[in-house]
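Engineer: Here it is: the structure, laid out below.
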Amino acid sequence: MTAYDVSHDQSGGQARPRLRVPPYAVTGGRTRVDVDIPFEALVRTTERGKENMQLIAFERRDILKLAENPIAVAELSAHLRLPIGAIRVLVGDLSVEGHVQTKAMTVKADTALLERVRDGLRRL
Amino acid sequence: MVSVDSSFQSAQDTSSESVPLPVKIVVAGGYAVGKTTFVGSISEIDPLTTEAALTTVSASVDNEGDASSKTSTTVAMDFGRVGLGDELVLYLFGTPGQDRFRFMWDELTRGAIGAVVILDTRRFEDSFGAVEYFEQAQVPFVVAINAFHGELHHSIEQVREGLDLAPDIPVVSTDARDRDRTKQTLLELVEHALVKAQS
């Protein structure tokens with residue numbers, strides 16, 4: 001497969017049950033988070049995000065509401081009328097906190113995935 | 001290859017439905033060539049617009065005097081979405097038309113399946129930049145001649161020659177307004193990407 005959960009720790013250690021921090025956040029900090037999340041990355045609010053929604057305010061809460069069903073970073077930007085860079089920072093922070101998960105392609109598509117895309121298009 | 005992590009559904013997240021995998025195709029071409037029409041003809045949502053604010057980069061490009069003040073240009077991109085079953089979602093991103101936003105393309109093409117370069121044969125020099133970019137970046141692409149009103153002002157061979165395309169790059173005619181022609185064009189691209197991935 002050619003994808004991974006960008007909010008998942010890939011250091012090879014044990015899965016962290018509470019909060020999985022993306023590797024770039026551990027080493028690079030917040031400024032890296034905002035550039036690393038692709039425009040099409042799908043964001044979904046986690047159970048933890050739903051539980052904490054009342055404690056979270058403003059745009060961060062708007063994101064958690066919109067992401068109850070998976071929604072792309074670019075769609076969040078369009079719906080909330082915020083530049084995509086701002087959405088990336090907010091989503092990056094929410095991801096580090098365990099309030100959302102993100103999912104995107106991070107490597108080139110392999111033949112298996114391309115075949116699935118082709119077959120999906122043919123069925124349209 | 002990076003593998004999907006089986007602990008993606010962890011104890012912290014007990015919801016049963018999984019997140020589909022987003023895939024992306026870039027739609028490029030000159031100004032007003034029909035990119036958004038192409039995206040809109042197949043998208044299940046009306047094309048949306050997202051804006052990226054440019055600060056540091058635009059400072060070097062746009063600033064003529066004071067280098068210390070940051071300009072805040074925004075660049076708009078239209079995009080659409082097509083669900084491909086339960087597990088995949090295809091996003092189609094139109095590139096910003098103007099050449100000075102070319103650097104955005106690095107961002108847009110990252111992780112993309114490939115690109116469709118839409119061409120208006122009356123102004124096909126407008127597409128030189130896109131063709132050159134995708135060749136250099138080794139992004140699989142097809143050239144799609146947008147035949148307005150069914151007219152082709154140049155033959156496919158003339159286009160191929162005019163753009164100095166490598167023989168393996170598909171050139172197809174399309175109609176950006178027509179869902180089925182758009183779908184066929186996207187299929188051409190995916191087939192081409194498959195050939196590239198296998199070689």
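Following the order of the structure tokens, first chain is A, next is B, and so on, with residues numbered from 1 inside each chain and ligands from 1 in the order they appear.
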Show me a table, sorted first by chain and then by increasing residue number, of the residues of chain A having an atom at most 8 Å from chain B, each with its shortest atom pair and the distance in Å to one decimal, counting only C-alpha atoms and written as a Markdown table.

Structural biologist:
| residue | atom | partner | partner_atom | distance |
| --- | --- | --- | --- | --- |
| A:Met1 | CA | B:Ser3 | CA | 5.5 |
| A:Thr2 | CA | B:Val2 | CA | 5.8 |
| A:Ala3 | CA | B:Val4 | CA | 5.9 |
| A:Tyr4 | CA | B:Val4 | CA | 4.8 |
| A:Asp5 | CA | B:Val4 | CA | 7.0 |
| A:His8 | CA | B:Phe8 | CA | 7.5 |
| A:Ala15 | CA | B:Ser7 | CA | 7.2 |
| A:Pro17 | CA | B:Ala11 | CA | 6.4 |
| A:Arg18 | CA | B:Gln12 | CA | 6.2 |
| A:Pro38 | CA | B:Glu107 | CA | 7.7 |
| A:Phe39 | CA | B:Leu108 | CA | 7.6 |
| A:Glu40 | CA | B:Pro22 | CA | 6.3 |
| A:Ala41 | CA | B:Pro22 | CA | 6.4 |
| A:Leu42 | CA | B:Pro22 | CA | 6.6 |
| A:Arg44 | CA | B:Val19 | CA | 7.4 |
| A:Thr46 | CA | B:Asp13 | CA | 5.6 |
| A:Glu47 | CA | B:Asp13 | CA | 5.2 |
| A:Arg48 | CA | B:Gln12 | CA | 6.6 |
| A:Pro70 | CA | B:Val19 | CA | 6.3 |
| A:Ala74 | CA | B:Thr50 | CA | 6.1 |
| A:Glu75 | CA | B:Leu48 | CA | 7.3 |
| A:Ser77 | CA | B:Thr50 | CA | 5.7 |
| A:Ala78 | CA | B:Thr50 | CA | 5.0 |
| A:Arg81 | CA | B:Thr50 | CA | 7.7 |
| A:Leu82 | CA | B:Glu51 | CA | 7.4 |
| A:Pro83 | CA | B:Glu51 | CA | 4.9 |
| A:Ile84 | CA | B:Ala52 | CA | 5.3 |
| A:Gly85 | CA | B:Ala52 | CA | 6.3 |
| A:Lys103 | CA | B:Leu21 | CA | 6.6 |
| A:Ala104 | CA | B:Pro22 | CA | 5.8 |
| A:Met105 | CA | B:Gly111 | CA | 5.7 |
| A:Thr106 | CA | B:Gly111 | CA | 5.7 |
| A:Val107 | CA | B:Gly111 | CA | 5.9 |
| A:Lys108 | CA | B:Gly111 | CA | 5.7 |
| A:Ala109 | CA | B:Ile113 | CA | 6.3 |
| A:Asp110 | CA | B:Ala197 | CA | 6.5 |
| A:Thr111 | CA | B:Leu194 | CA | 5.9 |
| A:Leu114 | CA | B:Leu194 | CA | 6.2 |
| A:Glu115 | CA | B:Leu194 | CA | 7.5 |
| A:Val117 | CA | B:Leu84 | CA | 7.2 |
| A:Arg118 | CA | B:Val190 | CA | 6.1 |
| A:Gly120 | CA | B:Leu84 | CA | 4.8 |
| A:Leu121 | CA | B:Leu84 | CA | 6.6 |
| A:Arg122 | CA | B:Leu187 | CA | 7.6 |
| A:Leu124 | CA | B:Leu84 | CA | 7.7 |

Engineer: Output the selection as a short mmCIF file (atom, residue, chain, number, x, y, z; two decimals), in the first residue's frame - N, CA and C atoms for each residue.

Structural biologist:
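selection.cif was written with the following content:
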data_model
loop_
_atom_site.label_atom_id
_atom_site.label_comp_id
_atom_site.auth_asym_id
_atom_site.auth_seq_id
_atom_site.Cartn_x
_atom_site.Cartn_y
_atom_site.Cartn_z
N MET A 1 0.84 -1.21 0.00
CA MET A 1 0.00 0.00 0.00
C MET A 1 0.87 1.25 0.00
N THR A 2 0.27 2.32 -0.32
CA THR A 2 1.05 3.52 -0.56
C THR A 2 0.57 4.68 0.30
N ALA A 3 -0.01 4.39 1.41
CA ALA A 3 -0.51 5.50 2.21
C ALA A 3 -0.23 5.24 3.67
N TYR A 4 -0.22 6.26 4.42
CA TYR A 4 -0.20 6.05 5.86
C TYR A 4 -0.93 7.19 6.53
N ASP A 5 -1.30 6.94 7.75
CA ASP A 5 -1.98 7.94 8.54
C ASP A 5 -0.93 8.96 8.96
N HIS A 8 0.23 9.28 12.51
CA HIS A 8 0.75 8.12 13.19
C HIS A 8 2.27 8.21 13.37
N ALA A 15 2.90 1.31 19.61
CA ALA A 15 1.83 2.26 19.34
C ALA A 15 1.48 2.96 20.65
N PRO A 17 -1.09 4.59 22.98
CA PRO A 17 -2.54 4.50 23.08
C PRO A 17 -3.24 5.86 23.21
N ARG A 18 -2.62 6.82 23.83
CA ARG A 18 -3.34 8.06 24.11
C ARG A 18 -3.14 9.09 23.00
N PRO A 38 -0.98 17.66 3.25
CA PRO A 38 -1.41 17.98 1.89
C PRO A 38 -2.80 18.62 1.85
N PHE A 39 -3.07 19.36 0.77
CA PHE A 39 -4.36 20.03 0.61
C PHE A 39 -5.52 19.05 0.64
N GLU A 40 -5.28 17.84 0.10
CA GLU A 40 -6.36 16.88 -0.04
C GLU A 40 -6.44 15.93 1.15
N ALA A 41 -5.55 16.11 2.14
CA ALA A 41 -5.57 15.21 3.30
C ALA A 41 -6.97 15.23 3.93
N LEU A 42 -7.46 14.06 4.24
CA LEU A 42 -8.78 13.97 4.88
C LEU A 42 -8.62 14.05 6.39
N ARG A 44 -10.55 13.78 10.12
CA ARG A 44 -11.74 13.28 10.81
C ARG A 44 -11.58 13.48 12.32
N THR A 46 -11.76 12.66 16.05
CA THR A 46 -11.68 11.41 16.82
C THR A 46 -12.73 11.43 17.93
N GLU A 47 -12.89 10.29 18.59
CA GLU A 47 -13.80 10.22 19.74
C GLU A 47 -13.37 11.23 20.80
N ARG A 48 -12.08 11.32 20.99
CA ARG A 48 -11.55 12.28 21.96
C ARG A 48 -11.93 13.71 21.56
N PRO A 70 -15.37 12.59 7.34
CA PRO A 70 -14.07 12.96 6.76
C PRO A 70 -14.19 14.11 5.76
N ALA A 74 -8.52 21.23 2.16
CA ALA A 74 -8.95 22.28 1.22
C ALA A 74 -10.44 22.60 1.40
N GLU A 75 -11.24 21.58 1.69
CA GLU A 75 -12.67 21.82 1.90
C GLU A 75 -12.89 22.64 3.18
N SER A 77 -10.86 24.78 4.36
CA SER A 77 -10.45 26.13 3.99
C SER A 77 -11.58 26.85 3.27
N ALA A 78 -12.24 26.15 2.33
CA ALA A 78 -13.31 26.77 1.55
C ALA A 78 -14.53 27.07 2.44
N ARG A 81 -13.75 29.72 5.05
CA ARG A 81 -13.20 30.94 4.45
C ARG A 81 -11.90 31.38 5.14
N LEU A 82 -11.05 30.42 5.36
CA LEU A 82 -9.74 30.71 5.93
C LEU A 82 -8.68 30.22 4.95
N PRO A 83 -7.56 30.93 4.85
CA PRO A 83 -6.49 30.46 3.97
C PRO A 83 -6.05 29.06 4.37
N ILE A 84 -5.61 28.32 3.39
CA ILE A 84 -5.28 26.92 3.61
C ILE A 84 -4.14 26.78 4.63
N GLY A 85 -3.24 27.74 4.66
CA GLY A 85 -2.14 27.69 5.62
C GLY A 85 -2.64 27.75 7.06
N LYS A 103 -5.43 11.74 7.03
CA LYS A 103 -5.01 10.65 6.15
C LYS A 103 -4.72 11.21 4.77
N ALA A 104 -3.58 10.83 4.21
CA ALA A 104 -3.21 11.32 2.87
C ALA A 104 -2.17 10.41 2.26
N MET A 105 -2.04 10.50 0.95
CA MET A 105 -0.96 9.83 0.24
C MET A 105 0.34 10.55 0.56
N THR A 106 1.36 9.81 0.85
CA THR A 106 2.63 10.47 1.11
C THR A 106 3.74 9.96 0.21
N VAL A 107 3.43 8.94 -0.55
CA VAL A 107 4.41 8.43 -1.50
C VAL A 107 3.71 8.29 -2.85
N LYS A 108 4.50 8.03 -3.86
CA LYS A 108 3.92 7.86 -5.20
C LYS A 108 2.95 6.69 -5.23
N ALA A 109 1.88 6.86 -5.99
CA ALA A 109 0.89 5.79 -6.12
C ALA A 109 1.53 4.59 -6.81
N ASP A 110 1.29 3.39 -6.27
CA ASP A 110 1.80 2.19 -6.93
C ASP A 110 0.73 1.63 -7.86
N THR A 111 1.07 0.56 -8.58
CA THR A 111 0.14 0.06 -9.59
C THR A 111 -1.17 -0.42 -8.96
N LEU A 114 -3.29 2.60 -8.41
CA LEU A 114 -3.72 3.18 -9.69
C LEU A 114 -4.82 2.34 -10.32
N GLU A 115 -4.72 1.03 -10.18
CA GLU A 115 -5.77 0.16 -10.72
C GLU A 115 -7.09 0.38 -9.99
N VAL A 117 -8.02 3.18 -8.63
CA VAL A 117 -8.54 4.48 -9.10
C VAL A 117 -9.18 4.32 -10.49
N ARG A 118 -8.47 3.59 -11.35
CA ARG A 118 -9.00 3.35 -12.71
C ARG A 118 -10.35 2.65 -12.64
N GLY A 120 -12.42 2.52 -10.17
CA GLY A 120 -13.41 3.41 -9.57
C GLY A 120 -13.95 4.42 -10.58
N LEU A 121 -13.05 4.96 -11.39
CA LEU A 121 -13.48 5.92 -12.43
C LEU A 121 -14.39 5.23 -13.45
N ARG A 122 -14.03 4.03 -13.85
CA ARG A 122 -14.84 3.32 -14.85
C ARG A 122 -16.25 3.08 -14.36
N LEU A 124 -18.01 5.02 -12.56
CA LEU A 124 -18.79 6.26 -12.41
C LEU A 124 -19.89 6.33 -13.46
#

Engineer: When you draw a straight line from CA of Asp119 in chain A to CA of Thr182 in chain B, how long is it in Å?

Structural biologist: 15.4 Å

Engineer: Could you work out how far CA of Ile25 in chain B lies from CA of Val89 in chain A, giving the answer in Å with one decimal?

Structural biologist: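 Atom-to-atom, CA of Val89 in chain A and CA of Ile25 in chain B are spaced 23.9 Å apart.
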